[in-house]
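Listing of protein.cif, mmCIF, C-alpha atoms and all ligand atoms
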data_coords
loop_
_atom_site.group_PDB
_atom_site.id
_atom_site.type_symbol
_atom_site.label_atom_id
_atom_site.label_comp_id
_atom_site.auth_asym_id
_atom_site.auth_seq_id
_atom_site.Cartn_x
_atom_site.Cartn_y
_atom_site.Cartn_z
ATOM 1 C CA MET A 569 25.060 18.002 45.415
ATOM 2 C CA LYS A 570 24.125 21.171 43.558
ATOM 3 C CA ARG A 571 24.663 21.184 39.801
ATOM 4 C CA GLN A 572 25.835 24.781 39.655
ATOM 5 C CA HIS A 573 29.035 25.986 41.276
ATOM 6 C CA PRO A 574 28.232 27.763 44.582
ATOM 7 C CA GLU A 575 30.264 30.866 43.668
ATOM 8 C CA ASN A 576 30.619 30.801 39.889
ATOM 9 C CA PRO A 577 27.258 30.351 38.103
ATOM 10 C CA ASP A 578 29.017 29.663 34.769
ATOM 11 C CA LEU A 579 30.291 26.331 36.047
ATOM 12 C CA PHE A 580 28.403 23.050 36.263
ATOM 13 C CA TRP A 581 29.281 19.777 37.921
ATOM 14 C CA CYS A 582 29.925 16.586 35.930
ATOM 15 C CA PRO A 583 29.489 13.625 38.303
ATOM 16 C CA LYS A 584 31.458 11.329 36.000
ATOM 17 C CA CYS A 585 34.735 13.220 35.815
ATOM 18 C CA GLN A 586 34.033 14.819 39.199
ATOM 19 C CA ASP A 587 34.760 18.330 38.032
ATOM 20 C CA TYR A 588 33.139 21.677 37.287
ATOM 21 C CA LYS A 589 32.921 22.633 33.634
ATOM 22 C CA LEU A 590 31.560 25.440 31.466
ATOM 23 C CA ARG A 591 28.055 25.237 29.999
ATOM 24 C CA GLU A 592 29.464 24.742 26.472
ATOM 25 C CA GLU A 593 31.115 21.550 27.603
ATOM 26 C CA PHE A 594 27.737 19.881 28.065
ATOM 27 C CA HIS A 595 25.241 18.797 25.405
ATOM 28 C CA ILE A 596 21.923 20.616 25.394
ATOM 29 C CA ASN A 597 19.063 18.838 27.098
ATOM 30 C CA ARG A 598 16.039 21.082 27.508
ATOM 31 C CA ASN A 599 14.242 18.552 29.647
ATOM 32 C CA ARG A 600 16.762 18.957 32.430
ATOM 33 C CA LYS A 601 16.986 21.645 35.064
ATOM 34 C CA HIS A 602 19.717 23.870 33.634
ATOM 35 C CA GLY A 603 19.006 22.841 30.061
ATOM 36 C CA ILE A 604 22.145 20.723 29.815
ATOM 37 C CA ALA A 605 22.905 16.994 29.931
ATOM 38 C CA SER A 606 23.982 15.404 33.216
ATOM 39 C CA TYR A 607 27.454 14.401 32.005
ATOM 40 C CA CYS A 608 29.873 16.564 30.066
ATOM 41 C CA LYS A 609 30.414 15.948 26.336
ATOM 42 C CA LEU A 610 33.665 14.123 26.918
ATOM 43 C CA CYS A 611 32.141 11.749 29.451
ATOM 44 C CA THR A 612 29.055 11.173 27.318
ATOM 45 C CA GLY A 613 31.374 10.080 24.510
ATOM 46 C CA ILE A 614 33.277 7.729 26.766
ATOM 47 C CA ILE A 615 30.086 6.214 28.166
ATOM 48 C CA GLY A 616 28.780 5.661 24.625
ATOM 49 C CA THR A 617 31.961 3.953 23.422
ATOM 50 C CA ASN A 618 32.163 1.781 26.525
ATOM 51 C CA SER A 619 28.609 0.571 26.301
ATOM 52 C CA TYR A 620 29.111 -0.160 22.600
ATOM 53 C CA TYR A 621 32.075 -2.430 23.313
ATOM 54 C CA LYS A 622 30.352 -4.009 26.269
ATOM 55 C CA HIS A 623 27.436 -4.838 24.023
ATOM 56 C CA ILE A 624 29.679 -6.371 21.337
ATOM 57 C CA GLU A 625 31.552 -8.371 23.946
ATOM 58 C CA ARG A 626 28.356 -9.726 25.429
ATOM 59 C CA GLN A 627 27.063 -10.642 21.993
ATOM 60 C CA LEU A 628 30.245 -12.531 21.093
ATOM 61 C CA LYS A 629 30.166 -14.419 24.385
ATOM 62 C CA TYR A 630 26.529 -15.318 23.867
ATOM 63 C CA ARG A 631 27.199 -16.540 20.359
ATOM 64 C CA GLU A 632 30.110 -18.665 21.519
ATOM 65 C CA ALA A 633 27.967 -20.256 24.239
ATOM 66 C CA ASN A 634 25.059 -20.919 21.900
ATOM 67 C CA LYS A 635 26.883 -22.081 18.798
ATOM 68 C CA GLU A 636 24.789 -25.210 18.376
ATOM 69 C CA LYS A 637 21.568 -23.372 18.981
ATOM 70 C CA HIS A 638 22.538 -20.735 16.479
ATOM 71 C CA ARG A 639 23.380 -23.306 13.812
ATOM 72 C CA GLU A 640 20.020 -24.962 14.387
ATOM 73 C CA TYR A 641 18.338 -21.575 14.091
ATOM 74 C CA CYS A 642 20.075 -20.843 10.794
ATOM 75 C CA LYS A 643 18.972 -24.197 9.436
ATOM 76 C CA THR A 644 15.305 -23.593 10.212
ATOM 77 C CA LYS A 645 15.559 -20.092 8.841
ATOM 78 C CA ASP A 646 17.008 -21.466 5.617
ATOM 79 C CA GLN A 647 14.218 -24.011 5.338
ATOM 80 C CA LEU A 648 11.633 -21.316 5.903
ATOM 81 C CA LYS A 649 13.201 -19.201 3.191
ATOM 82 C CA LYS A 650 13.067 -22.099 0.728
ATOM 83 C CA ALA A 651 9.452 -22.852 1.632
ATOM 84 C CA ARG A 652 8.528 -19.208 1.126
ATOM 85 C CA LYS A 653 10.249 -19.170 -2.258
ATOM 86 C CA ARG A 654 8.324 -22.258 -3.305
ATOM 87 C CA ALA A 655 5.073 -20.680 -2.121
ATOM 88 C CA ASN A 656 5.784 -17.484 -4.031
ATOM 89 C CA LYS A 657 6.489 -19.424 -7.196
ATOM 90 C CA TYR A 658 3.247 -21.344 -6.777
ATOM 91 C CA HIS A 659 1.372 -18.130 -6.176
ATOM 92 C CA LEU A 660 2.647 -16.676 -9.445
ATOM 93 C CA LYS A 661 1.382 -19.720 -11.309
ATOM 94 C CA HIS A 662 -1.978 -19.847 -9.520
ATOM 95 C CA PRO A 663 -2.725 -16.284 -8.422
ATOM 96 C CA THR A 664 -6.341 -16.959 -7.405
ATOM 97 C CA TYR A 665 -5.636 -20.080 -5.339
ATOM 98 C CA ASN A 666 -5.360 -18.261 -2.000
ATOM 99 C CA SER A 667 -8.498 -16.166 -2.320
ATOM 100 C CA GLU A 668 -10.478 -19.168 -3.518
ATOM 101 C CA TYR A 669 -9.254 -21.248 -0.615
ATOM 102 C CA GLN A 670 -10.108 -18.473 1.830
ATOM 103 C CA LYS A 671 -13.607 -18.226 0.439
ATOM 104 C CA ALA A 672 -14.112 -21.982 0.566
ATOM 105 C CA ASN A 673 -12.669 -22.443 4.100
ATOM 106 C CA PRO A 674 -13.398 -19.305 6.130
ATOM 107 C CA GLN A 675 -13.382 -21.113 9.479
ATOM 108 C CA LYS A 676 -10.016 -22.780 8.842
ATOM 109 C CA VAL A 677 -8.490 -19.483 7.783
ATOM 110 C CA LYS A 678 -9.795 -17.782 10.911
ATOM 111 C CA VAL A 679 -8.178 -20.366 13.197
ATOM 112 C CA TRP A 680 -4.944 -20.271 11.221
ATOM 113 C CA ASP A 681 -4.805 -16.481 11.438
ATOM 114 C CA ALA A 682 -5.444 -16.473 15.167
ATOM 115 C CA ASN A 683 -2.713 -19.043 15.765
ATOM 116 C CA ARG A 684 -0.253 -17.160 13.638
ATOM 117 C CA ASN A 685 -0.840 -13.935 15.525
ATOM 118 C CA LYS A 686 -0.190 -15.676 18.830
ATOM 119 C CA LYS A 687 3.391 -16.601 17.924
ATOM 120 C CA PRO A 688 6.076 -14.425 19.517
ATOM 121 C CA GLU A 689 8.146 -14.321 16.324
ATOM 122 C CA ARG A 690 5.099 -12.934 14.542
ATOM 123 C CA LYS A 691 4.977 -10.099 17.077
ATOM 124 C CA GLN A 692 8.671 -9.431 16.511
ATOM 125 C CA TRP A 693 8.147 -9.479 12.766
ATOM 126 C CA GLU A 694 5.251 -7.051 13.062
ATOM 127 C CA ARG A 695 7.305 -4.731 15.204
ATOM 128 C CA GLU A 696 10.117 -4.761 12.662
ATOM 129 C CA ARG A 697 7.764 -4.197 9.781
ATOM 130 C CA GLY A 698 6.222 -1.274 11.654
ATOM 131 C CA LYS A 699 9.637 0.258 12.197
ATOM 132 C CA LYS A 700 10.548 -0.161 8.547
ATOM 133 C CA GLU A 701 7.240 1.293 7.380
ATOM 134 C CA ARG A 702 7.690 4.306 9.573
ATOM 135 C CA GLU A 703 11.202 4.771 8.231
ATOM 136 C CA ILE A 704 10.461 4.555 4.511
ATOM 137 C CA LEU A 705 6.924 6.021 4.802
ATOM 138 C CA THR A 706 4.934 3.366 2.995
ATOM 139 C CA ASP A 707 1.387 4.094 1.808
ATOM 140 C CA ARG A 708 0.067 1.739 4.462
ATOM 141 C CA TYR A 709 1.805 3.687 7.217
ATOM 142 C CA ILE A 710 0.562 7.020 5.888
ATOM 143 C CA LYS A 711 -2.997 5.762 5.537
ATOM 144 C CA ARG A 712 -2.869 4.833 9.176
ATOM 145 C CA GLN A 713 -1.502 8.256 10.085
ATOM 146 C CA LEU A 714 -4.443 9.740 8.229
ATOM 147 C CA GLY A 715 -6.730 7.603 10.347
ATOM 148 C CA TYR A 716 -7.792 5.267 7.546
ATOM 149 C CA ASP A 717 -8.266 1.578 7.734
ATOM 150 C CA LYS A 718 -5.760 -0.307 5.542
ATOM 151 C CA ALA A 719 -8.486 -1.459 3.147
ATOM 152 C CA PHE A 720 -9.789 2.071 2.657
ATOM 153 C CA ILE A 721 -9.030 3.388 -0.819
ATOM 154 C CA THR A 722 -7.529 6.814 -0.435
ATOM 155 C CA ASN A 723 -6.761 9.539 -2.868
ATOM 156 C CA PRO A 724 -3.089 9.126 -3.879
ATOM 157 C CA LYS A 725 -2.669 12.904 -3.800
ATOM 158 C CA MET A 726 -3.765 12.933 -0.161
ATOM 159 C CA ILE A 727 -1.201 10.261 0.680
ATOM 160 C CA GLU A 728 1.546 12.140 -1.112
ATOM 161 C CA LEU A 729 0.717 15.389 0.708
ATOM 162 C CA LYS A 730 0.721 13.651 4.064
ATOM 163 C CA ARG A 731 4.048 12.039 3.176
ATOM 164 C CA GLN A 732 5.517 15.461 2.436
ATOM 165 C CA GLN A 733 4.152 16.841 5.690
ATOM 166 C CA ILE A 734 5.748 14.051 7.728
ATOM 167 C CA THR A 735 9.057 14.469 5.901
ATOM 168 C CA MET A 736 8.982 18.211 6.567
ATOM 169 C CA LYS A 737 8.319 17.704 10.262
ATOM 170 C CA ARG A 738 11.211 15.267 10.487
ATOM 171 C CA THR A 739 13.558 17.679 8.710
ATOM 172 C CA LEU A 740 12.525 20.490 11.046
ATOM 173 C CA LYS A 741 13.207 18.294 14.044
ATOM 174 C CA GLN A 742 16.656 17.432 12.694
ATOM 175 C CA PHE A 743 17.333 21.089 12.086
ATOM 176 C CA LYS A 744 16.366 22.001 15.647
ATOM 177 C CA GLU A 745 18.506 19.251 17.094
ATOM 178 C CA TRP A 746 21.484 20.162 14.948
ATOM 179 C CA ARG A 747 21.198 23.824 15.844
ATOM 180 C CA SER A 748 20.834 23.285 19.572
ATOM 181 C CA GLU A 749 23.930 21.045 19.468
ATOM 182 C CA ASN A 750 26.058 23.261 17.275
ATOM 183 C CA GLU A 751 24.772 26.785 17.855
ATOM 184 C CA PRO A 752 23.150 26.678 21.281
ATOM 185 C CA ASP A 753 23.142 30.476 21.660
ATOM 186 C CA ARG A 754 21.259 30.982 18.368
ATOM 187 C CA ALA A 755 18.775 28.231 18.987
ATOM 188 C CA VAL A 756 15.661 30.252 18.193
ATOM 189 C CA ILE A 757 12.937 27.706 17.662
ATOM 190 C CA TYR A 758 10.784 28.478 14.641
ATOM 191 C CA GLY A 759 7.238 27.325 14.356
ATOM 192 C CA GLU A 760 6.775 26.669 18.047
HETATM 193 ZN ZN ZN B 801 32.690 14.761 32.587
#

Please rewrite the model in this file as structure tokens.
Ligand SMILES: [Zn+2]
Amino acid sequence: MKRQHPENPDLFWCPKCQDYKLREEFHINRNRKHGIASYCKLCTGIIGTNSYYKHIERQLKYREANKEKHREYCKTKDQLKKARKRANKYHLKHPTYNSEYQKANPQKVKVWDANRNKKPERKQWERERGKKEREILTDRYIKRQLGYDKAFITNPKMIELKRQQITMKRTLKQFKEWRSENEPDRAVIYGE
């Protein structure tokens, strides 16, 4: 089925509501053939709401079915939290303990590190940390963007400049997106 109306080129087909609609009734999507989304704005909204509720429903069902499991999970999580708190307190009292231990037992530390990195929850944690770092633009993240190893001491001015550059790029992207959504006819892209 052709997207465009065979006689009226101003009209486009929405396969969800099974109707022809004007260009303005679709969101912009430059990656697609006519530069518009496949479904009309109205349908896109409905699809979004539906999938949101479906997701919630599924989550509630899952929780209900795994109540015991979940309780068990909370318990272990609580224990881990307490253990971490204890460790932090100890670390404050004996700040050099860890580095001394690492120096004295390099082989043990190596094995421990390798095992830790194998755990799936570690991977998940790393992924989440990465996401967070990207969001709040930590020094570590920016150093990596600059191509530096995390141990490399960088000029703080350099980091700050890079941070500003990333922020600017993100703002520009937001601006472009906002404009193509709200003023599609005036969507002149600057800096491209
Ligand atoms: Zn539609």

Quick one: residues within 6 Å of ligand ZN 801 (chain B), with all atoms listed in the file, as a PDB file with C-alpha atoms, in the frame of the given file?
ATOM      1  CA  CYS A 582      29.925  16.586  35.930  1.00  0.00           C
ATOM      2  CA  LYS A 584      31.458  11.329  36.000  1.00  0.00           C
ATOM      3  CA  CYS A 585      34.735  13.220  35.815  1.00  0.00           C
ATOM      4  CA  TYR A 607      27.454  14.401  32.005  1.00  0.00           C
ATOM      5  CA  CYS A 608      29.873  16.564  30.066  1.00  0.00           C
ATOM      6  CA  LEU A 610      33.665  14.123  26.918  1.00  0.00           C
ATOM      7  CA  CYS A 611      32.141  11.749  29.451  1.00  0.00           C
TER       8      CYS A 611
END

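Straight-line separation from CA of Ser748 in chain A to CA of Arg731 in chain A: 26.0 Å.
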
**Report entry** Atomic distance CA of Phe743 in chain A - CA of His595 in chain A, expressed in Å with one decimal
**Finding:**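 Computing the Euclidean distance for CA of Phe743 in chain A and CA of His595 in chain A yields 15.7 Å.
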
Non-local contacts of range 724-728 of chain A (9 Å; only C-alpha atoms; under 3 positions in same chain excluded) as a short mmCIF file (atom, residue, chain, number, x, y, z; two decimals) with C-alpha atoms, in the coordinates of the input:
data_model
loop_
_atom_site.label_atom_id
_atom_site.label_comp_id
_atom_site.auth_asym_id
_atom_site.auth_seq_id
_atom_site.Cartn_x
_atom_site.Cartn_y
_atom_site.Cartn_z
CA ASP A 707 1.39 4.09 1.81
CA ILE A 710 0.56 7.02 5.89
CA LYS A 711 -3.00 5.76 5.54
CA LEU A 714 -4.44 9.74 8.23
CA ILE A 721 -9.03 3.39 -0.82
CA ARG A 731 4.05 12.04 3.18
CA GLN A 732 5.52 15.46 2.44
CA GLN A 733 4.15 16.84 5.69
#

Let me have the centre and edge lengths of the axis-aligned box enclosing all listed atoms of range 683-692 of chain A with 4 Å padding on every side, in Å to one decimal, as lines of an AutoDock Vina configuration file.
center_x = 3.0
center_y = -14.2
center_z = 16.6
size_x = 19.4
size_y = 17.6
size_z = 13.9
